[in-house]
Each structure stands twice: as C-alpha cells, then as structure tokens.
Amino acid sequence: MKRIVRILSLTILLVSASLARVVWADDSNNNSNLEQRLDALEQQVAILKRQIENSKDDAADKATTTPIVTANSKDGFSIKSPDGNYSLKIGGYTQVEARDFAANNKEEQGQVSSIIPRRVRLIIQGTVAHDFDFFLQPDFGYSNTYSDSGGTISSSPGAYAVALQDAWIDWRHFPDFTIKAGKFKPPFDLENLQDTRYTDFVELGLAGNLSPQRDVGAQVGGNLYYDWITYAAGLFDGAADKENGYGGYNSGGDTNSRDGVGRLFITPFKHSNIEALQGFGIGYAVTYGKEKGTDLPTYVSPGQAPVFAYNSGVSAAGPQLRTEPQAYYYYKSFGILGERVDDYESLQYKAGSTTYRDRPDNKAFNIEANYVLTGEDASYNGVVPRHDLNLSTGDWGAFELVGRYGELKVDKSIFSENFSNLNTSILSETDWATGLNWYLNRNVKLAAGFEQTKFRRGATLGSGTNNGDNRKTENLFTGLAQLSF
Amino acid sequence: MKNLLKLSLVFLLALQPGAWAKQITLLNVSYDPTRELYEDYNKAFSTYWKQKTGDDVTIQQSHGGSGKQARAVIDGLDADVVTLGLAYDIDSIAEKSGLLPSNWQKLLPNNSTPYTSTIVFLVRKGNPKNIKDWDDLTKPGISVITPNPKTSGGARWNYLAAWGYALKKFNGDESKVKDFVGAIYKNVPVLDSGARGSTTTFVERGIGDVLISWENEAYLAVNQLGPDKFEIVIPSLSILAEPPVAVVERDADRHGTRQVAEEYLKYLYSDEGQEIIARNYYRPRNPDIAKEYASQFKSVNLFTIDTLGGWQAAQKKHFADGGTFDQIYTVK
C-alpha cells in the first residue's frame, strides 16, 4: 500500500513538473514571438517613415524642375519654369459694345445704332532667359475706317480687320533702365496708357483725338527711386493723332520723320505715411517730330462719328509738338484722372502758285472720376471685386459709378486759313458722360452709360446738311459686355 | 621727403603677398559619400594654394547621387569641377552639354581616377543574420539596403557587383543571373536616391540587416559611429570602383577659374592629396601611400567594369529605361 502511494505520489509529482515546464516553455515562446513581431512592426514603421522622407525629398527635387502651371482668375492660363526664367501666359479679352443713338442722330446724321465686337484680342506674353519679356496682342475685332475727300468725311464701319495691336520685347535686366522695342502705346496719353480692360469707359476721352494711340519704335524707361519716378523716352515711327500705328486705322501713306516721345510721372507720396496721398501721381509728356505728308488726323465724336477733317491737299510740313500735363488721384473707393493735350502741328497747302502755311494749336482735355459703390479700392489698374457674383450667398461683385467731362477745340486759324471747312468740320466739341460698371468677378464686366456731346459748327453726314449751323448734339447710350482672362 | 616715405611704404605694402590676393571660388559637384573627403581636402588645397600663389580659394561643395548630379550640371548647374561616382556620368555631361571634351578621361593620370574603392557589406554588430556573401542577400527575410541605380552612382556599382558575382556563379546564364539579382532587390524595402541616404537609412534609422555600401562609407560607419554597432563583411567577389574627376572646362573658362580648377584636381594626386584620400578610407593610387595604409583595408577579390563590357554597355543594358533593373525591380 505504502509502495503504491509512493509510486502514485512520484507519478503526480513528475506529471506536475512536466506540466509546469510546458506552461513555462509556452510563455517563453509566446514572449519570444511577441518580441519578434514587435521588432518586425518597428522595422515596418521605420521603413514607412523613411519612404515618406524620401518621397518628400523627391518631391522637393521635382519642384525645382517641374514647371508651374496655373489656371485661375487672377493669373489666367500660364506656365512658368520653377526659377521664373521662362514663362508663357495666354490671355485675352472680348468687348461687345452696344451703341444706341438718339432718334435725331439717326435720322439727321445717319448715325447707326449697332452691337459690335469692339475688341477681340488675344494676348500672348511671357518671359525668356529671365530678362526678356515679350508681348503679342492681335485684334480680331471691329475697326472703323475713315477717309476724307475734299473736306467731306465718310465713314466705313463694318470692317472686321485683323490688326496686330501690340508686338514688343522688353529687356529688363535693370528695372530702372529697360529697353523696349516693337509696336506699343507710346509714353504719352495717361488714359491711353491704361490697360484697355480697366478704363472707365469703352472709348477714350476727347484728349485721345490728339494723341498717338500706338506707334512702332523703341524706348528706354524704368522706375527710379523706390518707384516714385517713372520715366520713358523713345524714338518712334511717328503716328498721327489718334493713329494706331501700322496695322490700325488711319495708318500708312505718311512720310513722317521720326517722333521723339518722352514722359516723366511721379508718385511722390507712394511710400509715405500719408495714406490719403499715396495714390497721387502727376506727370508730363511730350512728343516732337518733323512731320511731312498727308497722314493727317480725323477727329471723332464719342460715338466714333468723324466730326473733323482737313481739306484735301493739306499736308503736314514741319515740326509737330504735343504736350500733355497729366495727373491722377486714387484714394480708397474714389479715383480721378485728368489730362490736357496741346497739339501744335505745322501744316501747308498749295493754291495755285501760293503755299499757305499754318501752325495751329489744337487742344483737348478730359477729366474723369470713378467711385466704387461697393467699397473696393479704385485704381489706375482696375477694380477687383472683393466678392464674386454669387447669388446663393448674396454677393453681387462690385459696382462702380463713372463720370467724364471733356472738350476738344480746333484752332480757329485752321478755318480762317482754309485748312478745313466749318461747314463740314466742327470747331469744338464738349462732352459729358456717366455710367455704371458692374464687375461680376475678375473676368467679367458689364457696363451701361450715357454720353452727350455738343458741337460748335460742323456738318452732318449724309443728307440734311445745314451750312453755318452747329452739328446736332450727339446723345449716345452705350452698353458693354467684357470677358477677360 | 615725407611724401617719398609714404610712397615707399605703400609700394612695400603692395608687394606683400596678401595685398593683391585674388578671391577665387570653385564649385565642386560631387557624388554622395565624399563629404568628409572634400571637407579635409579642400582645407588642404586652400592652404597649399595660398602658399603657392597668395590667392584665397574657397571651394563650395554640392553632393548627391552621381546620376542626379550629372543631370544637374547638364541642366545648368555651374560646376567648375565634377568629382562623380563613375565615368559614365561624366561622359554624359560631355555628350549632352559639351561642357568638357569627350577625351576628358585622358587628361589626368589613371584615367582621371585619383583613387579607387569597392563594394562591401555593412552589417549589425555580431552579424546576427550571418551574412557572408552575395547569396545570403537573396534569402527571404533578409532586408537589404542599397540606393536607387537610376540616381546613384554607388547603387550602380552595387548592382553590377552583384551581377558580376552571379555571372561567375551561374557561368554566364543570364536568366539565372537576373533571378539572382532580382531576389536581392526583392529584399530592398527602401531605395534612397544616393549612397549617403542609404547609409542614413541603415545606420541612423536602423532599417535593414545589411547595407551594400561603398567601402569608405562602411569604414566611416564603423570607425566614426561605433565599432560596437556595426561590422564589415567582405564578399568573395566585388567590383573595382573607379570614381573619376574632371574640370568642367566651359564653366571654368567662363568663371576664369580654369587654372585653379586644374590644379585643384591635380593636387588629389599629390602626396598630401593621396594621404587625405587614404585617411578617408579610399584606396589611393600612389603605391607608397597605398602600402602605408594597406593594413586599413581588407583584401578583396575584384573584377573591373570592363568585364561587363565597359560603362557605355553596362548603362545601356542595365540602367537605361527598360533595362534589367527596370525588369527586375517593381516599386513597392
């Protein structure tokens, strides 16, 4: 019995010991497995972290060589190298203009109400090799062409002509001394120098009649002294008043010598602490050339009707000097811009064996003001709505009230010396205009306006000519839809 | 009299060596692991040049994967000299940009390679995975760190070293060689862009069981980061790596630094240059200095790039788009 108990006890002891070993070995194995799995997980996490680090490095490397492509309302459609040395931007704008004249203008002067694609312009601009900018702007829009024969002005609207408005390159290694060459707006008329997309009105004021709008040539220019001073001086082919240079209307046929053009514009308070004066600028521009030939201007009304022309046989014959004091002021939502042109042109014509000469002084000025009703800043470079039109949020874009007053006076000596005819050309025109511009967003603008122009002397086109009388007051309603990008 | 004295003083000062010292800057575009080498070498050369000419020369360094660096120079990085991981990368600069002549390799001794190196394994201390040779790198569960051959010169040497070993092992049976090398790259969890990046991955991030490495990188890791953490394993067969140097002649001419650039590279062959090379764990060309530092390096059985047809052939076969590397490696 004792032996059996002893054997049983031993057996129980042995079995217990074996069981304990198995449990202990299992725990050990489990711990070892857990540790291995933990090690493997830690390795995986470290690998993933390292892969992310490498991806970030690769992305940073790629960013230094990958071109930057943008497509947005502010920059349009553009592509640029990471270092900025090369870029290409495609943009453009379309202006569809509606002109509606009062009944008497239509009946008595034959003016035609119309809806026209006034400007359809593609803009291709960019930079090459860091320092060279280029700009191309063909225009597929509507152009007016004028001809005058024996003092009778005829207008031929309706021609869709492809014109190269701008084509220039600009070397700007030194921002205070740049060299620009090609076809572009000469540095003269303040309103004309504005980007056409940002002007208060679709058509330039009366001072634009006496200014070259575009010309072909070269200029040096730049910004000096912390951009307080802007200067430009150039030599150009010599465009007549209101001429658009080669490719635009009133072009060709002249034998002018070259025109020198210079402009100095200062914004003395630009960086001052006087916030109310920071937007003030004042300047002076001059053109001078010795003109020769029959490329003489035709002046137009705000409705683009030709209202003044020189008699047949009159030609430019000598120095032409134009001067323009100019200024603008912008403060918060208010802006005002003014300019005055004096145009001294040497003229002659022959009657028999006698040569008649004159150097009349034609003058024009306009002053225009704008006020942004929705509180955005008024600016020479246009209005940017704070909120785009969004009916669901109750945002309407920006509204701008605009007004303009201008006068153009032809020197009386032109008529007394028979360089023109008061029965068919005006002595002066006085214009006032008002309008409302609606900026739906950066890219879309609608505008409506009214412009009234009164004339002294002059003729009506077509039938109903009343010699010695004033041309009928022009009452013009305008509408504009502009899309730009 | 006073004026004469003043004038004489000015004249004497003008004659002093430092009075008219020129300030010269060179840009050395180099491959990834040579940071420490050129840090030491540039100090020595600046001192030497100052003593020789009185001029102050500052060497700016750019480091990265050899292939990436070559492309950067082709794309316009203004290098005065290039000191890259393999001859093919300098050949491609010459061919694609014309910045240096096609015979650049003949312009300096030893095919313009002032030192050589080879490819070894760096493993954790104690070699826990018992890695002895290339075959061990193909085993499942072994994590291998090596950089991307598309960007790194060292990575291409690594790849070709494995390929050369497998060629010998399988008696030239290319399909087996491809499978063998493919098995190694299957075990690669992270492909860094350069050799230094791989060293960082293995040594600092603690990733991987074995780093296929430039010899100098391996010695650097062991001797500078702790002999108690890593050890070097020499494979039974490896490749003789010959990193070349060259003056980027058109850039140097434009900068007016041609003469200094040439002297900068020639000085690598001087006794002092070769000493610095050896101290940084590269195998110097100078036989006397090589002998002096022989105990620093382990003996390695080597084959050359010529065994694989030269760099042009190797690049086309293995690393061009659609080459063997593209065939065997898929991004994870």
# chains A, B, ... in the order shown; residues from 1 in each chain; ligands from 1
$ select_by_dssp --residues "stretch 93-159 of chain B" --states "alpha helix (DSSP H)" --output "number ranges by chain"
B: 93-97, 109-112, 153-159
$ write_last_selection --atoms "C-alpha atoms" --output "mmCIF file, in the first residue's frame"
data_model
loop_
_atom_site.group_PDB
_atom_site.id
_atom_site.type_symbol
_atom_site.label_atom_id
_atom_site.label_comp_id
_atom_site.auth_asym_id
_atom_site.auth_seq_id
_atom_site.Cartn_x
_atom_site.Cartn_y
_atom_site.Cartn_z
ATOM 1 C CA ILE B 93 27.869 65.596 -69.275
ATOM 2 C CA ALA B 94 30.409 65.785 -72.101
ATOM 3 C CA GLU B 95 27.991 64.293 -74.633
ATOM 4 C CA LYS B 96 24.820 66.166 -73.717
ATOM 5 C CA SER B 97 26.189 69.582 -72.884
ATOM 6 C CA PRO B 109 46.556 60.169 -64.589
ATOM 7 C CA ASN B 110 44.968 56.740 -64.075
ATOM 8 C CA ASN B 111 42.032 57.551 -66.324
ATOM 9 C CA SER B 112 41.294 60.592 -64.193
ATOM 10 C CA GLY B 153 26.483 56.007 -58.911
ATOM 11 C CA GLY B 154 27.213 53.876 -55.863
ATOM 12 C CA ALA B 155 23.986 51.986 -56.459
ATOM 13 C CA ARG B 156 25.114 51.133 -59.954
ATOM 14 C CA TRP B 157 28.404 49.819 -58.661
ATOM 15 C CA ASN B 158 26.398 47.768 -56.096
ATOM 16 C CA TYR B 159 24.136 46.352 -58.753
#
$ interface_residues --of "chain B" --to "chain A" --cutoff "7 Å" --atoms "only C-alpha atoms" --output "list in words"
Pro189, Val190, Asp192, Arg205 and Ile207 of chain B
$ write_last_selection --atoms "N, CA and C atoms" --output "JSON list (two decimals), in the first residue's frame"
[["chain", "number", "residue", "atom", "x", "y", "z"],
["B", 189, "PRO", "N", 13.69, 47.23, -48.98],
["B", 189, "PRO", "CA", 12.45, 47.93, -48.60],
["B", 189, "PRO", "C", 12.45, 49.42, -48.95],
["B", 190, "VAL", "N", 13.62, 50.03, -49.01],
["B", 190, "VAL", "CA", 13.71, 51.48, -49.26],
["B", 190, "VAL", "C", 14.82, 51.73, -50.27],
["B", 192, "ASP", "N", 16.96, 54.64, -51.49],
["B", 192, "ASP", "CA", 17.33, 56.05, -51.37],
["B", 192, "ASP", "C", 17.94, 56.56, -52.67],
["B", 205, "ARG", "N", 18.54, 55.25, -39.08],
["B", 205, "ARG", "CA", 17.13, 54.85, -38.95],
["B", 205, "ARG", "C", 16.99, 53.40, -38.48],
["B", 207, "ILE", "N", 17.22, 50.66, -40.18],
["B", 207, "ILE", "CA", 16.43, 49.82, -41.09],
["B", 207, "ILE", "C", 17.36, 48.86, -41.82]]
$ closest_residue --among "A:Ser301, A:Asn72, A:Ser346, A:Ser392" --to "A:Leu206" --atoms "only C-alpha atoms"
A:Ser301
$ residues_around --residues "stretch 93-107 of chain A" --least-positions-apart "4" --cutoff "7 Å" --atoms "only C-alpha atoms" --output "ChimeraX atom specification"
/A:111-122,474-485
$ select_by_dssp --residues "stretch 260-325 of chain B" --states "strand (DSSP E)" --output "ChimeraX atom specification"
/B:283-284,302-303
$ residues_around --residues "B:Asn187" --least-positions-apart "4" --cutoff "8 Å" --atoms "only C-alpha atoms" --output "list of chain:residue names"
B:Leu137, B:Thr138, B:Pro140, B:Gly141, B:Ile142, B:Ser143, B:Val144, B:Ala183
$ write_last_selection --atoms "N, CA and C atoms" --output "PDB file, in the first residue's frame"
ATOM      1  N   LEU B 137      22.160  37.525 -49.384  1.00  0.00           N
ATOM      2  CA  LEU B 137      21.283  38.676 -49.593  1.00  0.00           C
ATOM      3  C   LEU B 137      20.001  38.296 -50.338  1.00  0.00           C
ATOM      4  N   THR B 138      20.015  37.086 -50.917  1.00  0.00           N
ATOM      5  CA  THR B 138      18.822  36.669 -51.662  1.00  0.00           C
ATOM      6  C   THR B 138      17.829  35.923 -50.785  1.00  0.00           C
ATOM      7  N   PRO B 140      15.003  34.865 -48.215  1.00  0.00           N
ATOM      8  CA  PRO B 140      13.794  35.527 -47.707  1.00  0.00           C
ATOM      9  C   PRO B 140      14.015  35.964 -46.258  1.00  0.00           C
ATOM     10  N   GLY B 141      13.479  37.080 -45.916  1.00  0.00           N
ATOM     11  CA  GLY B 141      13.600  37.560 -44.540  1.00  0.00           C
ATOM     12  C   GLY B 141      14.810  38.430 -44.302  1.00  0.00           C
ATOM     13  N   ILE B 142      15.678  38.517 -45.292  1.00  0.00           N
ATOM     14  CA  ILE B 142      16.845  39.404 -45.153  1.00  0.00           C
ATOM     15  C   ILE B 142      16.473  40.757 -45.773  1.00  0.00           C
ATOM     16  N   SER B 143      16.694  41.804 -45.021  1.00  0.00           N
ATOM     17  CA  SER B 143      16.360  43.150 -45.508  1.00  0.00           C
ATOM     18  C   SER B 143      17.641  43.830 -45.978  1.00  0.00           C
ATOM     19  N   VAL B 144      17.665  44.197 -47.244  1.00  0.00           N
ATOM     20  CA  VAL B 144      18.888  44.727 -47.871  1.00  0.00           C
ATOM     21  C   VAL B 144      18.700  46.215 -48.161  1.00  0.00           C
ATOM     22  N   ALA B 183      16.246  38.670 -56.819  1.00  0.00           N
ATOM     23  CA  ALA B 183      15.962  38.206 -55.455  1.00  0.00           C
ATOM     24  C   ALA B 183      16.569  39.164 -54.426  1.00  0.00           C
TER      25      ALA B 183
END
$ residues_around --residues "B:Leu108" --least-positions-apart "2" --cutoff "12 Å" --atoms "only C-alpha atoms" --output "PyMOL selection string"
chain B and resi 103-106+110-114+244-247+262-269
$ write_last_selection --atoms "N, CA and C atoms" --output "mmCIF file, in the first residue's frame"
data_model
loop_
_atom_site.group_PDB
_atom_site.id
_atom_site.type_symbol
_atom_site.label_atom_id
_atom_site.label_comp_id
_atom_site.auth_asym_id
_atom_site.auth_seq_id
_atom_site.Cartn_x
_atom_site.Cartn_y
_atom_site.Cartn_z
ATOM 1 N N ASN B 103 37.382 63.514 -74.554
ATOM 2 C CA ASN B 103 38.580 62.778 -74.106
ATOM 3 C C ASN B 103 39.002 63.194 -72.704
ATOM 4 N N TRP B 104 38.031 63.659 -71.908
ATOM 5 C CA TRP B 104 38.354 64.189 -70.578
ATOM 6 C C TRP B 104 39.101 63.186 -69.727
ATOM 7 N N GLN B 105 38.829 61.886 -69.909
ATOM 8 C CA GLN B 105 39.395 60.888 -69.012
ATOM 9 C C GLN B 105 40.902 60.721 -69.211
ATOM 10 N N LYS B 106 41.385 61.204 -70.374
ATOM 11 C CA LYS B 106 42.816 61.070 -70.652
ATOM 12 C C LYS B 106 43.617 62.232 -70.079
ATOM 13 N N ASN B 110 45.805 57.889 -64.464
ATOM 14 C CA ASN B 110 44.968 56.740 -64.075
ATOM 15 C C ASN B 110 43.530 56.900 -64.534
ATOM 16 N N ASN B 111 43.385 57.321 -65.782
ATOM 17 C CA ASN B 111 42.032 57.551 -66.324
ATOM 18 C C ASN B 111 41.229 58.528 -65.471
ATOM 19 N N SER B 112 41.916 59.534 -65.010
ATOM 20 C CA SER B 112 41.294 60.592 -64.193
ATOM 21 C C SER B 112 40.632 60.056 -62.930
ATOM 22 N N THR B 113 41.167 58.975 -62.373
ATOM 23 C CA THR B 113 40.639 58.471 -61.100
ATOM 24 C C THR B 113 41.760 58.487 -60.076
ATOM 25 N N PRO B 114 41.764 59.470 -59.179
ATOM 26 C CA PRO B 114 42.861 59.588 -58.216
ATOM 27 C C PRO B 114 42.787 58.555 -57.100
ATOM 28 N N PRO B 244 35.779 58.966 -61.065
ATOM 29 C CA PRO B 244 36.662 59.884 -61.780
ATOM 30 C C PRO B 244 36.423 61.352 -61.428
ATOM 31 N N VAL B 245 37.353 62.208 -61.891
ATOM 32 C CA VAL B 245 37.249 63.653 -61.666
ATOM 33 C C VAL B 245 37.534 64.367 -62.982
ATOM 34 N N ALA B 246 36.970 65.565 -63.148
ATOM 35 C CA ALA B 246 37.212 66.311 -64.382
ATOM 36 C C ALA B 246 36.923 67.797 -64.174
ATOM 37 N N VAL B 247 37.620 68.623 -64.941
ATOM 38 C CA VAL B 247 37.330 70.058 -64.962
ATOM 39 C C VAL B 247 36.189 70.292 -65.950
ATOM 40 N N GLU B 262 42.109 73.133 -62.508
ATOM 41 C CA GLU B 262 43.020 72.049 -62.932
ATOM 42 C C GLU B 262 43.985 71.699 -61.809
ATOM 43 N N GLU B 263 44.505 72.706 -61.139
ATOM 44 C CA GLU B 263 45.433 72.452 -60.039
ATOM 45 C C GLU B 263 44.722 71.748 -58.892
ATOM 46 N N TYR B 264 43.458 72.118 -58.687
ATOM 47 C CA TYR B 264 42.653 71.502 -57.614
ATOM 48 C C TYR B 264 42.561 70.007 -57.809
ATOM 49 N N LEU B 265 42.356 69.569 -59.055
ATOM 50 C CA LEU B 265 42.243 68.135 -59.313
ATOM 51 C C LEU B 265 43.617 67.470 -59.329
ATOM 52 N N LYS B 266 44.590 68.168 -59.843
ATOM 53 C CA LYS B 266 45.947 67.581 -59.886
ATOM 54 C C LYS B 266 46.456 67.340 -58.463
ATOM 55 N N TYR B 267 46.073 68.216 -57.551
ATOM 56 C CA TYR B 267 46.569 68.096 -56.179
ATOM 57 C C TYR B 267 46.048 66.835 -55.509
ATOM 58 N N LEU B 268 44.976 66.260 -56.019
ATOM 59 C CA LEU B 268 44.472 64.980 -55.493
ATOM 60 C C LEU B 268 45.528 63.889 -55.653
ATOM 61 N N TYR B 269 46.401 64.044 -56.651
ATOM 62 C CA TYR B 269 47.424 63.038 -56.913
ATOM 63 C C TYR B 269 48.708 63.293 -56.125
#
$ residues_around --residues "stretch 78-88 of chain B" --least-positions-apart "4" --cutoff "6 Å" --atoms "only C-alpha atoms" --output "list in words"
Leu26, Leu27, Asn28, Val29, Ser30, Tyr31, Ser66, Gly153, Pro243, Pro244, Val245, Ala246, Val247, Val248, Asp251, Ala252 and Trp311 of chain B
$ write_last_selection --atoms "C-alpha atoms" --output "CSV table (one decimal), in the first residue's frame"
chain,number,residue,atom,x,y,z
B,26,LEU,CA,35.2,76.9,-57.2
B,27,LEU,CA,32.1,74.7,-57.2
B,28,ASN,CA,32.9,71.0,-56.9
B,29,VAL,CA,29.9,68.9,-57.8
B,30,SER,CA,30.5,65.6,-56.3
B,31,TYR,CA,28.7,62.3,-55.6
B,66,SER,CA,26.1,60.7,-59.1
B,153,GLY,CA,26.5,56.0,-58.9
B,243,PRO,CA,35.3,57.3,-59.3
B,244,PRO,CA,36.7,59.9,-61.8
B,245,VAL,CA,37.2,63.7,-61.7
B,246,ALA,CA,37.2,66.3,-64.4
B,247,VAL,CA,37.3,70.1,-65.0
B,248,VAL,CA,34.1,71.4,-66.5
B,251,ASP,CA,32.2,76.8,-67.0
B,252,ALA,CA,35.7,77.2,-65.6
B,311,TRP,CA,30.3,51.6,-68.8
$ residues_around --residues "stretch 218-233 of chain B" --least-positions-apart "2" --cutoff "7 Å" --atoms "only C-alpha atoms" --output "CSV table (one decimal) with C-alpha atoms, in the first residue's frame"
chain,number,residue,atom,x,y,z
B,120,VAL,CA,31.3,45.7,-49.3
B,121,PHE,CA,28.6,44.8,-46.8
B,122,LEU,CA,27.9,46.6,-43.6
B,123,VAL,CA,26.0,44.5,-41.0
B,124,ARG,CA,24.9,44.9,-37.4
B,125,LYS,CA,27.4,44.0,-34.8
B,132,LYS,CA,28.8,36.1,-45.6
B,213,SER,CA,27.9,50.1,-49.4
B,214,TRP,CA,30.9,51.9,-50.8
B,215,GLU,CA,33.9,50.6,-48.8
B,216,ASN,CA,34.7,54.1,-47.5
B,235,PRO,CA,32.1,39.4,-50.2
B,281,TYR,CA,39.1,55.2,-46.4
$ closest_residue --among "B:Thr201, B:Thr307, B:Ile212, B:Leu302" --to "B:Gly172" --atoms "only C-alpha atoms"
B:Thr307
$ atom_distance --atom1 "atom CA of B:Gly310" --atom2 "atom CA of B:Gly64"
23.4 Å
$ closest_residue --among "A:Ser32, A:Asn273, A:Ser257, A:Asn362" --to "A:Asp295" --atoms "only C-alpha atoms"
A:Ser257
$ atom_distance --atom1 "atom CA of B:Ala44" --atom2 "atom CA of B:Arg250"
25.8 Å
